[in-house]
file work14.cif (mmCIF, C-alpha atoms)
data_structure
loop_
_atom_site.group_PDB
_atom_site.id
_atom_site.type_symbol
_atom_site.label_atom_id
_atom_site.label_comp_id
_atom_site.auth_asym_id
_atom_site.auth_seq_id
_atom_site.Cartn_x
_atom_site.Cartn_y
_atom_site.Cartn_z
ATOM 1 C CA MET S 1 30.648 0.291 9.424
ATOM 2 C CA VAL S 2 27.946 2.456 10.950
ATOM 3 C CA ALA S 3 25.743 4.148 8.373
ATOM 4 C CA VAL S 4 24.822 7.796 8.714
ATOM 5 C CA THR S 5 21.839 9.509 7.188
ATOM 6 C CA ALA S 6 22.178 13.032 5.812
ATOM 7 C CA VAL S 7 19.191 15.196 6.725
ATOM 8 C CA ASP S 8 17.839 18.557 5.744
ATOM 9 C CA ALA S 9 18.639 21.354 8.172
ATOM 10 C CA THR S 10 15.052 22.550 8.212
ATOM 11 C CA LYS S 11 13.899 19.275 9.766
ATOM 12 C CA MET S 12 16.269 19.448 12.713
ATOM 13 C CA ALA S 13 14.799 22.340 14.694
ATOM 14 C CA ASP S 14 12.045 20.409 16.468
ATOM 15 C CA ASP S 15 12.096 18.687 19.873
ATOM 16 C CA CYS S 16 15.790 18.673 20.802
ATOM 17 C CA ILE S 17 16.555 18.805 24.521
ATOM 18 C CA ALA S 18 18.506 21.567 26.238
ATOM 19 C CA CYS S 19 22.220 20.859 26.528
ATOM 20 C CA ILE S 20 25.477 22.652 27.312
ATOM 21 C CA ILE S 21 28.088 22.461 24.536
ATOM 22 C CA LYS S 22 31.568 23.279 25.791
ATOM 23 C CA THR S 23 34.307 24.908 23.742
ATOM 24 C CA PRO S 24 36.358 22.386 21.720
ATOM 25 C CA VAL S 25 39.585 21.323 23.413
ATOM 26 C CA ALA S 26 42.601 20.527 21.239
ATOM 27 C CA LEU S 27 44.600 17.372 21.875
ATOM 28 C CA GLN S 28 48.177 17.784 20.764
ATOM 29 C CA SER S 29 51.520 16.451 21.880
ATOM 30 C CA GLY S 30 54.060 19.067 22.886
ATOM 31 C CA ASP S 31 53.543 22.710 23.838
ATOM 32 C CA LEU S 32 50.518 24.282 22.184
ATOM 33 C CA LYS S 33 52.164 27.723 22.243
ATOM 34 C CA THR S 34 55.517 26.751 20.737
ATOM 35 C CA ASP S 35 54.592 23.798 18.546
ATOM 36 C CA SER S 36 53.822 24.992 15.013
ATOM 37 C CA ALA S 37 52.002 21.848 13.977
ATOM 38 C CA LYS S 38 48.250 22.239 14.068
ATOM 39 C CA PRO S 39 46.271 19.873 16.321
ATOM 40 C CA GLY S 40 44.694 16.919 14.571
ATOM 41 C CA VAL S 41 42.187 16.071 17.312
ATOM 42 C CA PHE S 42 39.497 18.140 19.056
ATOM 43 C CA VAL S 43 37.152 17.070 21.825
ATOM 44 C CA ILE S 44 33.701 18.606 22.300
ATOM 45 C CA GLU S 45 31.857 17.764 25.500
ATOM 46 C CA VAL S 46 28.073 17.978 25.741
ATOM 47 C CA THR S 47 26.400 17.993 29.149
ATOM 48 C CA PHE S 48 22.831 18.404 30.343
ATOM 49 C CA PRO S 49 21.617 21.002 32.853
ATOM 50 C CA LYS S 50 20.847 20.103 36.486
ATOM 51 C CA GLU S 51 22.591 16.728 36.160
ATOM 52 C CA ARG S 52 19.865 15.470 33.898
ATOM 53 C CA ILE S 53 20.022 11.839 32.802
ATOM 54 C CA THR S 54 18.984 11.236 29.205
ATOM 55 C CA ASN S 55 18.041 8.276 27.018
ATOM 56 C CA VAL S 56 19.446 9.485 23.721
ATOM 57 C CA ARG S 57 17.324 8.938 20.608
ATOM 58 C CA LYS S 58 19.593 10.652 18.077
ATOM 59 C CA ILE S 59 22.377 13.211 17.715
ATOM 60 C CA THR S 60 22.440 15.669 14.821
ATOM 61 C CA PHE S 61 25.082 18.152 13.709
ATOM 62 C CA LYS S 62 26.572 20.017 10.773
ATOM 63 C CA ASN S 63 30.072 19.009 9.847
ATOM 64 C CA TYR S 64 32.835 21.541 9.367
ATOM 65 C CA TYR S 65 35.842 19.787 7.827
ATOM 66 C CA THR S 66 35.965 16.954 10.369
ATOM 67 C CA ALA S 67 37.129 13.710 8.754
ATOM 68 C CA PHE S 68 36.372 11.143 11.482
ATOM 69 C CA LEU S 69 34.132 11.111 14.532
ATOM 70 C CA THR S 70 34.200 8.992 17.683
ATOM 71 C CA ILE S 71 31.510 9.284 20.366
ATOM 72 C CA ARG S 72 31.940 8.317 24.008
ATOM 73 C CA LEU S 73 29.106 8.356 26.529
ATOM 74 C CA GLN S 74 29.243 8.687 30.282
ATOM 75 C CA GLN S 75 26.454 6.559 31.705
ATOM 76 C CA ARG S 76 25.103 6.066 35.182
ATOM 77 C CA VAL S 77 25.197 2.362 35.962
ATOM 78 C CA SER S 78 24.060 0.419 38.989
ATOM 79 C CA ALA S 79 26.656 -1.272 41.165
ATOM 80 C CA GLU S 80 26.604 -3.519 44.189
ATOM 81 C CA SER S 81 25.249 -2.287 47.540
ATOM 82 C CA ASP S 82 22.729 -0.008 45.779
ATOM 83 C CA LYS S 83 25.384 2.398 44.554
ATOM 84 C CA THR S 84 25.518 4.116 41.184
ATOM 85 C CA LEU S 85 28.680 4.672 39.212
ATOM 86 C CA LEU S 86 29.596 6.811 36.211
ATOM 87 C CA LYS S 87 31.217 4.847 33.433
ATOM 88 C CA TRP S 88 32.643 5.926 30.066
ATOM 89 C CA LYS S 89 31.937 3.740 27.014
ATOM 90 C CA THR S 90 32.622 4.204 23.302
ATOM 91 C CA CYS S 91 29.373 3.914 21.334
ATOM 92 C CA LEU S 92 30.688 5.009 17.912
ATOM 93 C CA ARG S 93 34.241 4.589 16.642
ATOM 94 C CA ASP S 94 35.945 6.462 13.787
ATOM 95 C CA MET S 95 32.881 7.194 11.716
ATOM 96 C CA CYS S 96 33.900 8.671 8.352
ATOM 97 C CA LEU S 97 32.358 12.092 7.672
ATOM 98 C CA MET S 98 34.598 12.974 4.706
ATOM 99 C CA PRO S 99 35.322 10.189 2.184
ATOM 100 C CA ASN S 100 38.619 11.902 1.399
ATOM 101 C CA PRO S 101 40.045 14.163 4.156
ATOM 102 C CA HIS S 102 41.942 16.189 1.542
ATOM 103 C CA THR S 103 38.863 17.154 -0.498
ATOM 104 C CA GLU S 104 35.691 19.027 0.458
ATOM 105 C CA ASN S 105 33.241 16.188 -0.157
ATOM 106 C CA GLY S 106 31.129 15.860 3.015
ATOM 107 C CA SER S 107 32.967 18.683 4.746
ATOM 108 C CA GLN S 108 29.809 20.747 5.438
ATOM 109 C CA ASP S 109 27.028 18.160 5.331
ATOM 110 C CA TYR S 110 24.323 17.622 7.951
ATOM 111 C CA PHE S 111 24.247 14.254 9.715
ATOM 112 C CA SER S 112 21.944 12.320 12.035
ATOM 113 C CA ILE S 113 23.148 9.445 14.194
ATOM 114 C CA TYR S 114 20.345 7.268 15.597
ATOM 115 C CA ARG S 115 20.477 5.040 18.664
ATOM 116 C CA HIS S 116 20.145 1.828 16.623
ATOM 117 C CA GLN S 117 23.362 2.762 14.792
ATOM 118 C CA LEU S 118 25.394 2.785 18.011
ATOM 119 C CA LEU S 119 27.284 -0.109 19.595
ATOM 120 C CA PHE S 120 24.877 -0.202 22.550
ATOM 121 C CA GLU S 121 21.687 1.484 23.725
ATOM 122 C CA PRO S 122 22.504 5.035 24.880
ATOM 123 C CA ASN S 123 20.396 5.050 28.064
ATOM 124 C CA ASP S 124 21.045 6.877 31.346
ATOM 125 C CA VAL S 125 23.514 9.215 29.647
ATOM 126 C CA VAL S 126 25.070 11.995 31.709
ATOM 127 C CA THR S 127 27.683 13.365 29.283
ATOM 128 C CA VAL S 128 28.363 13.047 25.553
ATOM 129 C CA ARG S 129 31.951 13.411 24.360
ATOM 130 C CA LEU S 130 32.573 13.989 20.642
ATOM 131 C CA ILE S 131 36.135 13.239 19.488
ATOM 132 C CA LEU S 132 36.951 14.865 16.154
ATOM 133 C CA ARG S 133 39.901 13.905 13.947
ATOM 134 C CA GLN S 134 41.289 15.546 10.818
ATOM 135 C CA PRO S 135 44.568 14.056 9.581
ATOM 136 C CA SER S 136 44.813 16.336 6.546
ATOM 137 C CA PRO S 137 47.008 19.469 6.857
ATOM 138 C CA VAL S 138 44.957 21.193 4.157
ATOM 139 C CA TRP S 139 42.318 22.621 6.522
ATOM 140 C CA LEU S 140 43.267 25.188 9.147
ATOM 141 C CA ASN S 141 40.241 24.542 11.364
ATOM 142 C CA PHE S 142 37.672 21.794 11.829
ATOM 143 C CA THR S 143 34.774 21.295 14.224
ATOM 144 C CA LEU S 144 31.093 20.307 14.457
ATOM 145 C CA GLU S 145 28.345 22.924 14.387
ATOM 146 C CA ASP S 146 24.667 23.051 15.308
ATOM 147 C CA ILE S 147 24.954 20.044 17.634
ATOM 148 C CA LYS S 148 21.590 18.797 18.929
ATOM 149 C CA VAL S 149 20.657 15.877 21.166
ATOM 150 C CA TYR S 150 17.189 14.289 21.049
ATOM 151 C CA GLU S 151 15.634 12.249 23.829
ATOM 152 C CA CYS S 152 13.422 9.162 23.594
ATOM 153 C CA ASN S 153 9.736 9.886 24.058
ATOM 154 C CA HIS S 154 8.591 7.101 26.376
ATOM 155 C CA ASN S 155 4.967 8.266 26.458
ATOM 156 C CA LYS S 156 4.753 8.140 22.680
ATOM 157 C CA ASP S 157 6.290 4.668 22.629
ATOM 158 C CA LYS S 158 3.697 3.409 25.123
ATOM 159 C CA GLU S 159 0.820 4.855 23.085
ATOM 160 C CA GLN S 160 2.020 3.119 19.935
ATOM 161 C CA GLY S 161 2.211 -0.289 21.584
ATOM 162 C CA PRO S 162 4.054 -3.434 20.477
ATOM 163 C CA TRP S 163 1.724 -4.064 17.524
ATOM 164 C CA LEU S 164 3.638 -1.528 15.443
ATOM 165 C CA SER S 165 6.556 -3.946 15.211
ATOM 166 C CA LYS S 166 4.359 -6.311 13.170
ATOM 167 C CA LEU S 167 3.506 -3.790 10.467
ATOM 168 C CA THR S 168 4.547 -4.538 6.937
ATOM 169 C CA PRO S 169 7.858 -2.771 6.057
ATOM 170 C CA LEU S 170 7.688 0.204 3.734
ATOM 171 C CA GLU S 171 9.779 -1.558 1.141
ATOM 172 C CA GLN S 172 7.126 -4.349 0.983
ATOM 173 C CA PRO S 173 3.710 -2.631 0.978
ATOM 174 C CA LEU S 174 0.531 -4.676 1.097
ATOM 175 C CA ASN S 175 -1.109 -5.282 -2.296
ATOM 176 C CA LEU S 176 -4.737 -4.505 -1.514
ATOM 177 C CA SER S 177 -5.870 -5.135 -5.106
ATOM 178 C CA ASP S 178 -5.241 -8.913 -5.063
ATOM 179 C CA GLY S 179 -8.440 -10.862 -5.925
ATOM 180 C CA LEU S 180 -10.398 -7.740 -6.897
ATOM 181 C CA PRO S 181 -11.664 -6.877 -10.432
ATOM 182 C CA ASP S 182 -10.029 -4.138 -12.414
ATOM 183 C CA LEU S 183 -11.347 -0.755 -11.298
ATOM 184 C CA ASP S 184 -11.459 0.651 -14.828
ATOM 185 C CA MET S 185 -13.593 -2.280 -16.036
ATOM 186 C CA VAL S 186 -15.980 -1.909 -13.115
ATOM 187 C CA ALA S 187 -16.333 1.822 -13.728
ATOM 188 C CA SER S 188 -17.003 1.244 -17.449
ATOM 189 C CA SER S 189 -19.698 -1.383 -16.728
ATOM 190 C CA VAL S 190 -21.425 0.842 -14.200
ATOM 191 C CA GLN S 191 -21.410 3.714 -16.697
ATOM 192 C CA GLN S 192 -23.022 1.540 -19.387
ATOM 193 C CA MET S 193 -25.696 0.298 -16.981
ATOM 194 C CA TRP S 194 -26.494 3.852 -15.980
ATOM 195 C CA VAL S 195 -26.864 4.937 -19.636
ATOM 196 C CA LEU S 196 -29.209 2.015 -20.404
ATOM 197 C CA THR S 197 -31.290 2.771 -17.316
ATOM 198 C CA GLU S 198 -31.647 6.388 -18.383
ATOM 199 C CA MET S 199 -32.729 5.357 -21.888
ATOM 200 C CA VAL S 200 -35.399 2.948 -20.585
ATOM 201 C CA GLN S 201 -36.785 5.545 -18.210
ATOM 202 C CA LYS S 202 -37.028 8.172 -20.951
ATOM 203 C CA ASN S 203 -38.555 5.809 -23.582
ATOM 204 C CA PRO S 204 -40.967 3.419 -21.800
ATOM 205 C CA THR S 205 -42.709 0.842 -24.052
ATOM 206 C CA THR S 206 -46.419 -0.019 -23.807
ATOM 207 C CA ALA S 207 -46.650 -2.636 -26.583
ATOM 208 C CA ARG S 208 -47.192 -6.250 -25.578
ATOM 209 C CA VAL S 209 -44.363 -8.447 -26.712
ATOM 210 C CA GLY S 210 -45.222 -12.082 -27.345
ATOM 211 C CA ARG S 211 -42.900 -14.960 -27.034
ATOM 212 C CA PHE S 212 -42.594 -15.898 -30.703
ATOM 213 C CA ASP S 213 -45.418 -13.980 -32.361
ATOM 214 C CA VAL S 214 -44.859 -11.593 -35.240
ATOM 215 C CA ASP S 215 -47.673 -9.094 -35.932
ATOM 216 C CA GLY S 216 -50.074 -11.242 -33.850
ATOM 217 C CA SER S 217 -49.282 -14.483 -35.793
ATOM 218 C CA TYR S 218 -46.856 -17.365 -35.282
ATOM 219 C CA ASP S 219 -44.338 -18.421 -37.826
ATOM 220 C CA VAL S 220 -44.662 -22.143 -38.676
ATOM 221 C CA ASN S 221 -40.909 -22.609 -38.462
ATOM 222 C CA MET S 222 -40.840 -21.051 -35.026
ATOM 223 C CA LEU S 223 -43.574 -23.385 -33.737
ATOM 224 C CA SER S 224 -41.323 -26.385 -34.305
ATOM 225 C CA TYR S 225 -39.013 -25.162 -31.530
ATOM 226 C CA ILE S 226 -41.824 -24.820 -28.932
#

call {"tool": "encode", "arguments": {"input": "work14.cif", "output": "structure tokens"}}
result
Amino acid sequence: MVAVTAVDATKMADDCIACIIKTPVALQSGDLKTDSAKPGVFVIEVTFPKERITNVRKITFKNYYTAFLTIRLQQRVSAESDKTLLKWKTCLRDMCLMPNPHTENGSQDYFSIYRHQLLFEPNDVVTVRLILRQPSPVWLNFTLEDIKVYECNHNKDKEQGPWLSKLTPLEQPLNLSDGLPDLDMVASSVQQMWVLTEMVQKNPTTARVGRFDVDGSYDVNMLSYI
């Protein structure tokens, strides 16, 4: 199952690319005008201006009572005889946005879907199609709001270089203190040395100190150790 990360809405208004979000289209069997049953599936199509081709980095949105989400991408692929074709592929299938379609849990949460969570790399994308499903009859309407598409920054990736892949993971940080003395003990020793130095400088001694003499004479017992 593809994992989805909930994000804060304030972090989503950054470098999203311009896109055209079409009005949701309901998919329903029978006549939409005469059939009283509400549609259980909506399709939202996202396109890019001037036939722009995009390498998608992530897709973010705010849920509004959608229970399941499927994403299909239209990609430009190379074919024989130097021709390019447009091909539809499903990159995300039935992702659960609401743990229980009949309750409000997850019904208005923010979500981010990253490229590594998809079934394949979303490169050379022309159109993004979001297929929304809500099997519960409790909710009159459901959709996705504040849809944003983010593009890969190739220049930034080149500046970082391949060496970043060898960095230690965040969950296993380097222990830089291995083999080093305790900092508190070092600080205490330095403080004591500083105090002794200050005392010697303030109270210099001028008296000559012999090796074993006491008041200019040697103790007989002391001489036996010389």

call {"tool": "closest_residue", "arguments": {"input": "work14.cif", "among": "S:Leu140, S:Tyr65, S:Leu119, S:Thr90", "to": "S:Glu104", "atoms": "all atoms listed in the file"}}
result
S:Tyr65

call {"tool": "residues_around", "arguments": {"input": "work14.cif", "residues": "S:Val149", "least_positions_apart": "5", "cutoff": "8 Å", "atoms": "all atoms listed in the file", "output": "list in words"}}
result
Cys16, Ile17, Ala18, Cys19, Val56, Arg57, Lys58, Ile59 and Thr60 of chain S

call {"tool": "residues_around", "arguments": {"input": "work14.cif", "residues": "S:Val46", "least_positions_apart": "2", "cutoff": "6 Å", "atoms": "only C-alpha atoms", "output": "CSV table (one decimal) with C-alpha atoms, in the coordinates of the input"}}
result
chain,number,residue,atom,x,y,z
S,20,ILE,CA,25.5,22.7,27.3
S,21,ILE,CA,28.1,22.5,24.5
S,127,THR,CA,27.7,13.4,29.3
S,128,VAL,CA,28.4,13.0,25.6

call {"tool": "closest_residue", "arguments": {"input": "work14.cif", "among": "S:Asn55, S:Thr23, S:Asn100, S:Ser78", "to": "S:Glu151", "atoms": "all atoms listed in the file"}}
result
S:Asn55

call {"tool": "residues_around", "arguments": {"input": "work14.cif", "residues": "S:Phe142", "least_positions_apart": "4", "cutoff": "8 Å", "atoms": "only C-alpha atoms", "output": "mmCIF file with C-alpha atoms, keeping the file's coordinate frame"}}
result
data_model
loop_
_atom_site.group_PDB
_atom_site.id
_atom_site.type_symbol
_atom_site.label_atom_id
_atom_site.label_comp_id
_atom_site.auth_asym_id
_atom_site.auth_seq_id
_atom_site.Cartn_x
_atom_site.Cartn_y
_atom_site.Cartn_z
ATOM 1 C CA TYR S 64 32.835 21.541 9.367
ATOM 2 C CA TYR S 65 35.842 19.787 7.827
ATOM 3 C CA THR S 66 35.965 16.954 10.369
ATOM 4 C CA GLN S 134 41.289 15.546 10.818
#

call {"tool": "resolve_selection", "arguments": {"input": "work14.cif", "expression": "the PyMOL selection byres ((chain S and resi 94) around 6)", "output": "list in words"}}
result
Phe68, Leu69, Thr70, Arg93 and Met95 of chain S

call {"tool": "write_last_selection", "arguments": {"input": "work14.cif", "atoms": "C-alpha atoms", "output": "PDB file, keeping the file's coordinate frame"}}
result
ATOM      1  CA  PHE S  68      36.372  11.143  11.482  1.00  0.00           C
ATOM      2  CA  LEU S  69      34.132  11.111  14.532  1.00  0.00           C
ATOM      3  CA  THR S  70      34.200   8.992  17.683  1.00  0.00           C
ATOM      4  CA  ARG S  93      34.241   4.589  16.642  1.00  0.00           C
ATOM      5  CA  MET S  95      32.881   7.194  11.716  1.00  0.00           C
TER       6      MET S  95
END
